[in-house]
$ cat start28.pdb   # PDB, C-alpha atoms
ATOM      1  CA  MET A 722      13.661  -9.934   2.750
ATOM      2  CA  ARG A 723      10.164  -8.701   3.526
ATOM      3  CA  ILE A 724       7.959  -6.715   1.156
ATOM      4  CA  LEU A 725       6.078  -3.594   2.239
ATOM      5  CA  GLY A 726       2.825  -2.758   0.438
ATOM      6  CA  ILE A 727       1.323   0.709   0.151
ATOM      7  CA  ASP A 728      -2.168   1.752  -0.890
ATOM      8  CA  TYR A 729      -1.366   5.415  -1.567
ATOM      9  CA  GLY A 730      -4.349   7.738  -1.368
ATOM     10  CA  GLU A 731      -4.916  11.457  -1.376
ATOM     11  CA  ALA A 732      -5.439  11.712   2.395
ATOM     12  CA  ARG A 733      -4.473   8.288   3.751
ATOM     13  CA  ALA A 734      -2.112   5.446   2.939
ATOM     14  CA  GLY A 735      -2.686   1.845   3.913
ATOM     15  CA  ILE A 736       0.426  -0.115   4.863
ATOM     16  CA  ALA A 737       0.885  -3.895   4.833
ATOM     17  CA  ILE A 738       3.907  -6.172   5.215
ATOM     18  CA  THR A 739       4.759  -9.750   4.381
ATOM     19  CA  ASP A 740       6.020 -12.363   6.774
ATOM     20  CA  GLU A 741       9.742 -13.132   6.527
ATOM     21  CA  LEU A 742       9.141 -15.866   3.938
ATOM     22  CA  ASN A 743       6.922 -13.623   1.754
ATOM     23  CA  ILE A 744       4.042 -16.084   1.979
ATOM     24  CA  THR A 745       1.395 -13.993   3.755
ATOM     25  CA  ALA A 746       0.540 -10.313   4.022
ATOM     26  CA  GLN A 747      -0.610  -8.579   7.194
ATOM     27  CA  GLY A 748      -2.035  -5.105   7.527
ATOM     28  CA  LEU A 749       0.107  -2.774   9.630
ATOM     29  CA  LYS A 750      -1.719   0.527   9.737
ATOM     30  CA  THR A 751      -3.358   3.394   7.927
ATOM     31  CA  ILE A 752      -1.368   6.611   7.914
ATOM     32  CA  GLU A 753      -3.326   9.869   7.808
ATOM     33  CA  HIS A 754      -1.164  12.259   5.791
ATOM     34  CA  LYS A 755      -3.791  14.665   4.380
ATOM     35  CA  GLY A 756      -1.810  15.073   1.138
ATOM     36  CA  ASN A 757       1.485  15.818   2.902
ATOM     37  CA  ASP A 758       4.031  13.259   1.700
ATOM     38  CA  LYS A 759       6.527  14.394   4.360
ATOM     39  CA  ILE A 760       4.222  12.994   7.054
ATOM     40  CA  LEU A 761       3.906   9.714   5.164
ATOM     41  CA  LEU A 762       7.657   9.431   4.538
ATOM     42  CA  ALA A 763       8.383  10.104   8.231
ATOM     43  CA  GLU A 764       6.009   7.278   9.197
ATOM     44  CA  LEU A 765       7.621   5.001   6.618
ATOM     45  CA  ASP A 766      11.011   5.799   8.187
ATOM     46  CA  LYS A 767       9.679   4.488  11.507
ATOM     47  CA  ILE A 768       8.370   1.320   9.876
ATOM     48  CA  LEU A 769      11.643   0.718   8.023
ATOM     49  CA  ASN A 770      13.552   1.169  11.276
ATOM     50  CA  GLU A 771      11.304  -1.321  13.037
ATOM     51  CA  TYR A 772      11.444  -3.847  10.176
ATOM     52  CA  SER A 773      15.029  -3.539   8.993
ATOM     53  CA  ASN A 774      14.732  -6.472   6.592
ATOM     54  CA  ILE A 775      12.463  -4.859   3.967
ATOM     55  CA  GLY A 776      13.884  -5.447   0.492
ATOM     56  CA  THR A 777      10.975  -4.226  -1.642
ATOM     57  CA  ILE A 778       8.283  -1.583  -1.388
ATOM     58  CA  VAL A 779       5.340  -2.125  -3.726
ATOM     59  CA  ILE A 780       2.774   0.569  -4.353
ATOM     60  CA  GLY A 781      -0.644   0.133  -5.901
ATOM     61  CA  MET A 782      -1.147   1.966  -9.182
ATOM     62  CA  PRO A 783      -4.713   3.331  -9.527
ATOM     63  CA  ILE A 784      -5.374   2.309 -13.139
ATOM     64  CA  ASN A 785      -8.887   2.879 -14.509
ATOM     65  CA  MET A 786     -11.059  -0.161 -15.210
ATOM     66  CA  ASN A 787     -10.528   0.324 -18.971
ATOM     67  CA  GLY A 788      -6.729   0.235 -18.500
ATOM     68  CA  THR A 789      -6.118   3.958 -18.891
ATOM     69  CA  LYS A 790      -4.237   6.107 -16.416
ATOM     70  CA  GLY A 791      -6.466   8.149 -14.154
ATOM     71  CA  PRO A 792      -5.606  11.441 -12.431
ATOM     72  CA  ARG A 793      -4.265   9.645  -9.339
ATOM     73  CA  VAL A 794      -1.631   7.775 -11.373
ATOM     74  CA  GLU A 795       0.508  10.891 -11.889
ATOM     75  CA  LYS A 796       0.430  11.701  -8.156
ATOM     76  CA  THR A 797       1.261   8.094  -7.310
ATOM     77  CA  GLU A 798       4.169   8.103  -9.786
ATOM     78  CA  LYS A 799       5.527  11.293  -8.191
ATOM     79  CA  PHE A 800       5.316   9.638  -4.779
ATOM     80  CA  MET A 801       7.102   6.564  -6.181
ATOM     81  CA  HIS A 802       9.885   8.862  -7.378
ATOM     82  CA  LYS A 803      10.220  10.244  -3.840
ATOM     83  CA  LEU A 804      10.429   6.683  -2.515
ATOM     84  CA  LYS A 805      13.142   5.793  -5.050
ATOM     85  CA  CYS A 806      15.184   8.869  -4.121
ATOM     86  CA  LYS A 807      14.829   8.417  -0.364
ATOM     87  CA  TYR A 808      15.145   4.631  -0.175
ATOM     88  CA  ASN A 809      17.609   3.975  -2.997
ATOM     89  CA  LYS A 810      18.816   0.680  -1.487
ATOM     90  CA  ILE A 811      15.288  -0.776  -1.517
ATOM     91  CA  LYS A 812      13.573  -2.019  -4.667
ATOM     92  CA  ILE A 813      10.510   0.128  -5.421
ATOM     93  CA  ASP A 814       7.895  -1.568  -7.577
ATOM     94  CA  LYS A 815       4.283  -1.005  -8.593
ATOM     95  CA  ILE A 816       1.278  -3.179  -9.302
ATOM     96  CA  ASP A 817      -2.182  -2.635 -10.749
ATOM     97  CA  GLU A 818      -4.531  -2.094  -7.821
ATOM     98  CA  ARG A 819      -7.842  -2.226  -9.667
ATOM     99  CA  LEU A 820     -10.678  -3.472  -7.469
ATOM    100  CA  THR A 821      -8.605  -3.729  -4.265
ATOM    101  CA  THR A 822     -10.777  -1.119  -2.536
ATOM    102  CA  VAL A 823     -13.908  -2.927  -3.732
ATOM    103  CA  GLN A 824     -12.493  -6.188  -2.321
ATOM    104  CA  ALA A 825     -11.637  -4.432   0.947
ATOM    105  CA  HIS A 826     -15.197  -3.116   1.324
ATOM    106  CA  LYS A 827     -16.608  -6.568   0.521
ATOM    107  CA  THR A 828     -14.359  -8.138   3.160
ATOM    108  CA  MET A 829     -15.446  -5.580   5.763
ATOM    109  CA  ASN A 830     -19.111  -6.154   4.888
ATOM    110  CA  ASP A 831     -18.632  -9.917   5.159
ATOM    111  CA  LEU A 832     -17.045  -9.410   8.591
ATOM    112  CA  ASP A 833     -19.853  -7.017   9.604
ATOM    113  CA  ILE A 834     -17.386  -4.277  10.546
ATOM    114  CA  ASN A 835     -18.916  -1.144  12.039
ATOM    115  CA  LYS A 836     -19.428   1.659   9.496
ATOM    116  CA  ARG A 837     -17.305   4.109  11.544
ATOM    117  CA  LYS A 838     -14.366   1.681  11.648
ATOM    118  CA  LYS A 839     -14.469   1.010   7.891
ATOM    119  CA  LYS A 840     -12.886   4.347   6.969
ATOM    120  CA  ALA A 841      -9.855   3.605   9.138
ATOM    121  CA  LEU A 842      -9.512   0.015   7.887
ATOM    122  CA  VAL A 843     -10.238   0.179   4.159
ATOM    123  CA  ASP A 844      -6.787   1.453   3.146
ATOM    124  CA  THR A 845      -4.941  -1.090   5.290
ATOM    125  CA  ILE A 846      -7.014  -3.950   3.892
ATOM    126  CA  SER A 847      -6.460  -2.615   0.362
ATOM    127  CA  ALA A 848      -2.700  -2.611   1.040
ATOM    128  CA  VAL A 849      -2.947  -6.271   2.064
ATOM    129  CA  TYR A 850      -4.694  -7.091  -1.237
ATOM    130  CA  ILE A 851      -2.063  -5.109  -3.192
ATOM    131  CA  LEU A 852       0.652  -7.091  -1.460
ATOM    132  CA  GLU A 853      -1.083 -10.420  -2.039
ATOM    133  CA  VAL A 854      -1.409  -9.693  -5.776
ATOM    134  CA  TYR A 855       2.286  -8.780  -5.882
ATOM    135  CA  ILE A 856       3.367 -11.907  -3.968
ATOM    136  CA  ASN A 857       1.404 -14.088  -6.405
ATOM    137  CA  LYS A 858       2.909 -12.237  -9.368
ATOM    138  CA  ILE A 859       6.527 -12.804  -8.298
ATOM    139  CA  LYS A 860       6.117 -16.500  -7.392
TER     140      LYS A 860
END

$ encode --input "start28.pdb" --output "structure tokens"
Amino acid sequence: MRILGIDYGEARAGIAITDELNITAQGLKTIEHKGNDKILLAELDKILNEYSNIGTIVIGMPINMNGTKGPRVEKTEKFMHKLKCKYNKIKIDKIDERLTTVQAHKTMNDLDINKRKKKALVDTISAVYILEVYINKIK
């Protein structure tokens, strides 16, 4: 069963998915939801229909660098609750996402990605890093 990774943000969510053997993670897309979880859940429905073999959804938890919960954690936990209610046959898990956005920006800088394209890519790349951390954790 594949694993779907989500970098849940206030306006956008990056989405990544593993291969069928859960060895690698690939970025799928960034979903612009502008704070409306209904838009995000509708897009997730489409993804889950396309990839019917998703057994786990993992979401990055925005923990502060000192280990405390920041203001985004509560919003992310509420979204996780919505996921658990809507997709009750799929395991919903979370993982510390500290520094994934920093890593994503470093990757884009290393690849010399155009500044205008970075905004659209950063969340997807962050979702890939979230998924990679999770894959390594469960091995």

$ closest_residue --input "start28.pdb" --among "A:Thr751, A:Thr797, A:Ser847, A:Thr745" --to "A:Lys815" --atoms "all atoms listed in the file"
A:Thr797

$ residues_near_point --input "start28.pdb" --point "(-1.9, -3.1, 7.4)" --cutoff "12 Å" --atoms "all atoms listed in the file" --output "PDB file with C-alpha atoms, in the coordinates of the input"
ATOM      1  CA  LEU A 725       6.078  -3.594   2.239  1.00  0.00           C
ATOM      2  CA  GLY A 726       2.825  -2.758   0.438  1.00  0.00           C
ATOM      3  CA  ILE A 727       1.323   0.709   0.151  1.00  0.00           C
ATOM      4  CA  ASP A 728      -2.168   1.752  -0.890  1.00  0.00           C
ATOM      5  CA  ALA A 734      -2.112   5.446   2.939  1.00  0.00           C
ATOM      6  CA  GLY A 735      -2.686   1.845   3.913  1.00  0.00           C
ATOM      7  CA  ILE A 736       0.426  -0.115   4.863  1.00  0.00           C
ATOM      8  CA  ALA A 737       0.885  -3.895   4.833  1.00  0.00           C
ATOM      9  CA  ILE A 738       3.907  -6.172   5.215  1.00  0.00           C
ATOM     10  CA  THR A 739       4.759  -9.750   4.381  1.00  0.00           C
ATOM     11  CA  THR A 745       1.395 -13.993   3.755  1.00  0.00           C
ATOM     12  CA  ALA A 746       0.540 -10.313   4.022  1.00  0.00           C
ATOM     13  CA  GLN A 747      -0.610  -8.579   7.194  1.00  0.00           C
ATOM     14  CA  GLY A 748      -2.035  -5.105   7.527  1.00  0.00           C
ATOM     15  CA  LEU A 749       0.107  -2.774   9.630  1.00  0.00           C
ATOM     16  CA  LYS A 750      -1.719   0.527   9.737  1.00  0.00           C
ATOM     17  CA  THR A 751      -3.358   3.394   7.927  1.00  0.00           C
ATOM     18  CA  ILE A 752      -1.368   6.611   7.914  1.00  0.00           C
ATOM     19  CA  ILE A 768       8.370   1.320   9.876  1.00  0.00           C
ATOM     20  CA  ALA A 825     -11.637  -4.432   0.947  1.00  0.00           C
ATOM     21  CA  ALA A 841      -9.855   3.605   9.138  1.00  0.00           C
ATOM     22  CA  LEU A 842      -9.512   0.015   7.887  1.00  0.00           C
ATOM     23  CA  VAL A 843     -10.238   0.179   4.159  1.00  0.00           C
ATOM     24  CA  ASP A 844      -6.787   1.453   3.146  1.00  0.00           C
ATOM     25  CA  THR A 845      -4.941  -1.090   5.290  1.00  0.00           C
ATOM     26  CA  ILE A 846      -7.014  -3.950   3.892  1.00  0.00           C
ATOM     27  CA  SER A 847      -6.460  -2.615   0.362  1.00  0.00           C
ATOM     28  CA  ALA A 848      -2.700  -2.611   1.040  1.00  0.00           C
ATOM     29  CA  VAL A 849      -2.947  -6.271   2.064  1.00  0.00           C
ATOM     30  CA  TYR A 850      -4.694  -7.091  -1.237  1.00  0.00           C
ATOM     31  CA  ILE A 851      -2.063  -5.109  -3.192  1.00  0.00           C
ATOM     32  CA  LEU A 852       0.652  -7.091  -1.460  1.00  0.00           C
ATOM     33  CA  GLU A 853      -1.083 -10.420  -2.039  1.00  0.00           C
TER      34      GLU A 853
END

$ residues_around --input "start28.pdb" --residues "stretch 803-806 of chain A" --least-positions-apart "3" --cutoff "10 Å" --atoms "only C-alpha atoms" --output "VMD selection string"
chain A and resid 758 to 759 762 765 778 780 797 to 800 809 to 814

$ closest_residue --input "start28.pdb" --among "A:Met786, A:Gly781, A:Lys796, A:Asp766" --to "A:Tyr808" --atoms "only C-alpha atoms"
A:Asp766

$ atom_distance --input "start28.pdb" --atom1 "atom CA of A:Gly776" --atom2 "atom CA of A:Asp817"
19.8 Å

$ residues_near_point --input "start28.pdb" --point "(-9.0, 10.6, 3.4)" --cutoff "8 Å" --atoms "only C-alpha atoms" --output "short mmCIF file (atom, residue, chain, number, x, y, z; two decimals) with C-alpha atoms, in the coordinates of the input"
data_model
loop_
_atom_site.label_atom_id
_atom_site.label_comp_id
_atom_site.auth_asym_id
_atom_site.auth_seq_id
_atom_site.Cartn_x
_atom_site.Cartn_y
_atom_site.Cartn_z
CA GLY A 730 -4.35 7.74 -1.37
CA GLU A 731 -4.92 11.46 -1.38
CA ALA A 732 -5.44 11.71 2.40
CA ARG A 733 -4.47 8.29 3.75
CA GLU A 753 -3.33 9.87 7.81
CA LYS A 755 -3.79 14.66 4.38
#

$ closest_residue --input "start28.pdb" --among "A:Ile724, A:Ile856, A:Leu761, A:Ile744" --to "A:Ile775" --atoms "only C-alpha atoms"
A:Ile724
